[in-house]
Amino acid sequence: MSGQPLPLDSREMKAFVTYISFLSRGIPVGATVEGAGMVQSKMPNRRANLEAGAKVYEAQCAVCHGPDGQGVRAGQPGDAQGYIFPPLWGNDTFNNGAGMNRLAMATRFVKHNMPQGTSFDAPQLTDDEAYDVSAYMLSKPRPVKANLEVDFPARWNKPMDSAFPPYLLGVPADQHRFGPLPPLVEKQRQMAEQLKAQGVAERAKAAEAGKQ
Ligand code: HEC
């Protein structure tokens, strides 16, 4: 997402495709795979507490991802060896259009997968810790994706925790970024219903006009 398209015949593209085939060996096309997607978790109904998140980060994350979020490289900058522990902010991490840049998504991921070794059925962080540490991570600078304003052209399907404009739910940008999120879920449900009703009305009108 942050880079340049790979040439189709490049070593890296072949490696990606090979790895994806390896992961899906023996699985029929279109099958539902156990472990795919993200387990839901309860979002605290409050703005995230960045100071509390910083403390969780220091205690539970910094040992691998670094005190400054820069991760641990496998080799040297520029040698394409990647990271042993990925950076969580700065130039070399996911950009602001990524799913991981959404507070609800990051909270679910962190709660069920981090610290490394955590299994979804035995989380180590509480809902509050996962929420605050994710918000702390997302409060840090990261690469900016171009043309985000056209990322969700249909609008109704733009996730309520996407932290970039246009914002359609009539609340401050800060709430999309740092919560509270439950009211946004409800607002978005209402907006989707309204747009759907409008769409149905418009289609009916067009069909009526077509008859005449
Ligand atoms: C023992 C080392 C270790 C600790 C501690 C740890 N992580 Fe990770 N983390 C990893 C590794 C390795 C990966 C990459 C592989 C993976 O996703 O499982 C990763 C991946 C991630 C990612 C995904 C990054 C991306 O680009 O998609 C996030 C977000 C993350 N960690 C957040 C956290 C947070 C928040 C904490 C503290 C609560 C934490 N990690 C603690 C090792 C660790």
# chains A, B, ... in the order shown; residues from 1 in each chain; ligands from 1

call {"tool": "residues_near_ligand", "arguments": {"ligand": "ligand 1", "cutoff": "7 Å", "atoms": "only C-alpha atoms and all ligand atoms", "output": "PyMOL selection string"}}
result
chain A and resi 56-57+60-65+84-88+93-94+100+106+109-110+113-116+130+133-134+137

call {"tool": "residues_around", "arguments": {"residues": "A:Trp156", "least_positions_apart": "2", "cutoff": "7 Å", "atoms": "only C-alpha atoms", "output": "number ranges by chain"}}
result
A: 154, 158, 191-192

call {"tool": "write_last_selection", "arguments": {"atoms": "N, CA and C atoms", "output": "mmCIF file, in the first residue's frame"}}
result
data_model
loop_
_atom_site.group_PDB
_atom_site.id
_atom_site.type_symbol
_atom_site.label_atom_id
_atom_site.label_comp_id
_atom_site.auth_asym_id
_atom_site.auth_seq_id
_atom_site.Cartn_x
_atom_site.Cartn_y
_atom_site.Cartn_z
ATOM 1 N N ALA A 154 -18.518 5.041 -2.216
ATOM 2 C CA ALA A 154 -19.930 4.821 -1.899
ATOM 3 C C ALA A 154 -20.305 5.434 -0.551
ATOM 4 N N LYS A 158 -17.864 3.279 4.328
ATOM 5 C CA LYS A 158 -16.607 3.740 4.914
ATOM 6 C C LYS A 158 -16.631 3.429 6.408
ATOM 7 N N MET A 191 -27.160 5.985 9.029
ATOM 8 C CA MET A 191 -26.835 6.603 7.739
ATOM 9 C C MET A 191 -26.986 5.587 6.612
ATOM 10 N N ALA A 192 -26.509 4.362 6.836
ATOM 11 C CA ALA A 192 -26.589 3.331 5.798
ATOM 12 C C ALA A 192 -28.055 3.050 5.460
#

call {"tool": "atom_distance", "arguments": {"atom1": "atom CA of A:Asn45", "atom2": "atom CA of A:Pro180"}}
result
5.1 Å

call {"tool": "residues_around", "arguments": {"residues": "A:Met43", "least_positions_apart": "3", "cutoff": "12 Å", "atoms": "only C-alpha atoms", "output": "PDB file with N, CA and C atoms, in the first residue's frame"}}
result
ATOM      1  N   GLN A  40     -14.165 -10.321  17.335  1.00  0.00           N
ATOM      2  CA  GLN A  40     -14.730  -9.072  17.847  1.00  0.00           C
ATOM      3  C   GLN A  40     -14.233  -8.838  19.266  1.00  0.00           C
ATOM      4  N   ARG A  46     -15.701   5.224  25.537  1.00  0.00           N
ATOM      5  CA  ARG A  46     -15.051   6.448  26.026  1.00  0.00           C
ATOM      6  C   ARG A  46     -13.936   6.793  25.050  1.00  0.00           C
ATOM      7  N   ARG A  47     -13.433   8.046  25.144  1.00  0.00           N
ATOM      8  CA  ARG A  47     -12.268   8.392  24.334  1.00  0.00           C
ATOM      9  C   ARG A  47     -11.087   7.587  24.875  1.00  0.00           C
ATOM     10  N   ALA A  48     -10.206   7.126  23.985  1.00  0.00           N
ATOM     11  CA  ALA A  48      -9.042   6.361  24.421  1.00  0.00           C
ATOM     12  C   ALA A  48      -8.121   7.242  25.268  1.00  0.00           C
ATOM     13  N   LEU A 103      -8.886   2.417  14.729  1.00  0.00           N
ATOM     14  CA  LEU A 103      -8.781   2.091  16.160  1.00  0.00           C
ATOM     15  C   LEU A 103      -9.474   0.771  16.523  1.00  0.00           C
ATOM     16  N   ALA A 104     -10.682   0.532  15.990  1.00  0.00           N
ATOM     17  CA  ALA A 104     -11.389  -0.706  16.365  1.00  0.00           C
ATOM     18  C   ALA A 104     -10.637  -1.924  15.819  1.00  0.00           C
ATOM     19  N   MET A 105     -10.166  -1.794  14.593  1.00  0.00           N
ATOM     20  CA  MET A 105      -9.451  -2.905  13.955  1.00  0.00           C
ATOM     21  C   MET A 105      -8.148  -3.207  14.712  1.00  0.00           C
ATOM     22  N   ALA A 106      -7.380  -2.167  15.008  1.00  0.00           N
ATOM     23  CA  ALA A 106      -6.102  -2.348  15.708  1.00  0.00           C
ATOM     24  C   ALA A 106      -6.354  -2.940  17.097  1.00  0.00           C
ATOM     25  N   THR A 107      -7.411  -2.474  17.768  1.00  0.00           N
ATOM     26  CA  THR A 107      -7.716  -2.981  19.109  1.00  0.00           C
ATOM     27  C   THR A 107      -7.982  -4.483  19.056  1.00  0.00           C
ATOM     28  N   ARG A 108      -8.786  -4.898  18.065  1.00  0.00           N
ATOM     29  CA  ARG A 108      -9.082  -6.332  17.936  1.00  0.00           C
ATOM     30  C   ARG A 108      -7.821  -7.122  17.646  1.00  0.00           C
ATOM     31  N   LYS A 111      -5.484  -7.075  20.779  1.00  0.00           N
ATOM     32  CA  LYS A 111      -6.022  -7.876  21.889  1.00  0.00           C
ATOM     33  C   LYS A 111      -5.819  -9.379  21.655  1.00  0.00           C
ATOM     34  N   THR A 126      -6.397  -6.657  28.676  1.00  0.00           N
ATOM     35  CA  THR A 126      -7.827  -6.392  28.868  1.00  0.00           C
ATOM     36  C   THR A 126      -8.320  -5.570  27.679  1.00  0.00           C
ATOM     37  N   ASP A 127      -9.657  -5.451  27.543  1.00  0.00           N
ATOM     38  CA  ASP A 127     -10.227  -4.620  26.477  1.00  0.00           C
ATOM     39  C   ASP A 127      -9.708  -3.187  26.595  1.00  0.00           C
ATOM     40  N   ASP A 128      -9.634  -2.675  27.807  1.00  0.00           N
ATOM     41  CA  ASP A 128      -9.171  -1.294  28.007  1.00  0.00           C
ATOM     42  C   ASP A 128      -7.708  -1.127  27.616  1.00  0.00           C
ATOM     43  N   GLU A 129      -6.871  -2.088  28.007  1.00  0.00           N
ATOM     44  CA  GLU A 129      -5.439  -1.994  27.659  1.00  0.00           C
ATOM     45  C   GLU A 129      -5.233  -2.058  26.149  1.00  0.00           C
ATOM     46  N   ALA A 130      -5.935  -3.000  25.491  1.00  0.00           N
ATOM     47  CA  ALA A 130      -5.778  -3.149  24.034  1.00  0.00           C
ATOM     48  C   ALA A 130      -6.225  -1.879  23.320  1.00  0.00           C
ATOM     49  N   TYR A 131      -7.309  -1.279  23.810  1.00  0.00           N
ATOM     50  CA  TYR A 131      -7.875  -0.062  23.213  1.00  0.00           C
ATOM     51  C   TYR A 131      -6.916   1.112  23.392  1.00  0.00           C
ATOM     52  N   ASP A 132      -6.423   1.309  24.610  1.00  0.00           N
ATOM     53  CA  ASP A 132      -5.557   2.464  24.888  1.00  0.00           C
ATOM     54  C   ASP A 132      -4.194   2.324  24.212  1.00  0.00           C
ATOM     55  N   SER A 134      -3.534   0.676  21.503  1.00  0.00           N
ATOM     56  CA  SER A 134      -3.722   0.830  20.057  1.00  0.00           C
ATOM     57  C   SER A 134      -3.854   2.303  19.698  1.00  0.00           C
ATOM     58  N   ALA A 135      -4.611   3.038  20.508  1.00  0.00           N
ATOM     59  CA  ALA A 135      -4.777   4.475  20.260  1.00  0.00           C
ATOM     60  C   ALA A 135      -3.431   5.187  20.388  1.00  0.00           C
ATOM     61  N   ASP A 161     -14.369   4.129  11.935  1.00  0.00           N
ATOM     62  CA  ASP A 161     -13.102   4.477  12.585  1.00  0.00           C
ATOM     63  C   ASP A 161     -12.002   4.778  11.575  1.00  0.00           C
ATOM     64  N   PHE A 178     -10.103   8.511  17.951  1.00  0.00           N
ATOM     65  CA  PHE A 178      -9.831   8.057  19.321  1.00  0.00           C
ATOM     66  C   PHE A 178     -11.077   7.682  20.115  1.00  0.00           C
ATOM     67  N   GLY A 179     -12.233   7.634  19.455  1.00  0.00           N
ATOM     68  CA  GLY A 179     -13.452   7.243  20.143  1.00  0.00           C
ATOM     69  C   GLY A 179     -14.061   8.387  20.929  1.00  0.00           C
ATOM     70  N   PRO A 180     -15.165   8.125  21.666  1.00  0.00           N
ATOM     71  CA  PRO A 180     -15.838   6.822  21.809  1.00  0.00           C
ATOM     72  C   PRO A 180     -16.460   6.326  20.494  1.00  0.00           C
ATOM     73  N   LEU A 181     -16.312   5.030  20.243  1.00  0.00           N
ATOM     74  CA  LEU A 181     -16.753   4.460  18.970  1.00  0.00           C
ATOM     75  C   LEU A 181     -18.185   3.927  18.945  1.00  0.00           C
ATOM     76  N   PRO A 182     -18.714   3.362  20.054  1.00  0.00           N
ATOM     77  CA  PRO A 182     -20.070   2.794  19.953  1.00  0.00           C
ATOM     78  C   PRO A 182     -21.123   3.763  19.383  1.00  0.00           C
ATOM     79  N   PRO A 183     -21.111   5.074  19.763  1.00  0.00           N
ATOM     80  CA  PRO A 183     -22.110   5.969  19.153  1.00  0.00           C
ATOM     81  C   PRO A 183     -21.936   6.073  17.632  1.00  0.00           C
ATOM     82  N   LEU A 184     -20.699   5.934  17.148  1.00  0.00           N
ATOM     83  CA  LEU A 184     -20.458   6.030  15.701  1.00  0.00           C
ATOM     84  C   LEU A 184     -21.004   4.808  14.968  1.00  0.00           C
ATOM     85  N   VAL A 185     -20.907   3.656  15.618  1.00  0.00           N
ATOM     86  CA  VAL A 185     -21.459   2.434  15.018  1.00  0.00           C
ATOM     87  C   VAL A 185     -22.947   2.641  14.775  1.00  0.00           C
TER      88      VAL A 185
END

call {"tool": "select_by_dssp", "arguments": {"residues": "stretch 10-141 of chain A", "states": "strand (DSSP E)", "output": "VMD selection string"}}
result
chain A and resid 72 to 73 83 to 85

call {"tool": "write_last_selection", "arguments": {"atoms": "N, CA and C atoms", "output": "short mmCIF file (atom, residue, chain, number, x, y, z; two decimals), in the first residue's frame"}}
result
data_model
loop_
_atom_site.label_atom_id
_atom_site.label_comp_id
_atom_site.auth_asym_id
_atom_site.auth_seq_id
_atom_site.Cartn_x
_atom_site.Cartn_y
_atom_site.Cartn_z
N VAL A 72 12.74 -3.84 15.07
CA VAL A 72 14.12 -4.35 15.02
C VAL A 72 14.35 -4.93 13.64
N ARG A 73 15.33 -4.38 12.93
CA ARG A 73 15.64 -4.85 11.58
C ARG A 73 16.34 -6.20 11.59
N TYR A 83 12.28 -6.92 8.70
CA TYR A 83 12.35 -6.73 10.15
C TYR A 83 12.11 -8.04 10.90
N ILE A 84 12.75 -8.18 12.01
CA ILE A 84 12.42 -9.27 12.94
C ILE A 84 11.16 -8.86 13.70
N PHE A 85 11.14 -7.62 14.18
CA PHE A 85 9.96 -7.04 14.82
C PHE A 85 9.58 -5.78 14.04
#

call {"tool": "residues_around", "arguments": {"residues": "A:Pro153", "least_positions_apart": "5", "cutoff": "12 Å", "atoms": "only C-alpha atoms", "output": "number ranges by chain"}}
result
A: 147-148, 158, 165-166

call {"tool": "write_last_selection", "arguments": {"atoms": "C-alpha atoms", "output": "PDB file, in the first residue's frame"}}
result
ATOM      1  CA  ASN A 147      -6.112  10.198  -2.680  1.00  0.00           C
ATOM      2  CA  LEU A 148      -7.750   8.888   0.460  1.00  0.00           C
ATOM      3  CA  LYS A 158     -16.607   3.740   4.914  1.00  0.00           C
ATOM      4  CA  PRO A 165     -11.876  12.825   5.758  1.00  0.00           C
ATOM      5  CA  PRO A 166     -14.487  13.192   4.405  1.00  0.00           C
TER       6      PRO A 166
END

call {"tool": "select_by_dssp", "arguments": {"residues": "stretch 17-171 of chain A", "states": "alpha helix (DSSP H)", "output": "number ranges by chain"}}
result
A: 17-23, 50-60, 62-65, 103-113, 127-138

call {"tool": "atom_distance", "arguments": {"atom1": "atom CA of A:Ala173", "atom2": "atom CA of A:Arg102"}}
result
12.7 Å

call {"tool": "atom_distance", "arguments": {"atom1": "atom CA of A:Val39", "atom2": "atom CA of A:Met160"}}
result
17.8 Å

call {"tool": "closest_residue", "arguments": {"among": "A:Ser10, A:Thr118, A:Thr18, A:Asn157", "to": "A:Gln188", "atoms": "only C-alpha atoms"}}
result
A:Asn157

call {"tool": "closest_residue", "arguments": {"among": "A:Gln198, A:Gln124, A:Asn91, A:Ser162", "to": "A:Gly69", "atoms": "only C-alpha atoms"}}
result
A:Asn91
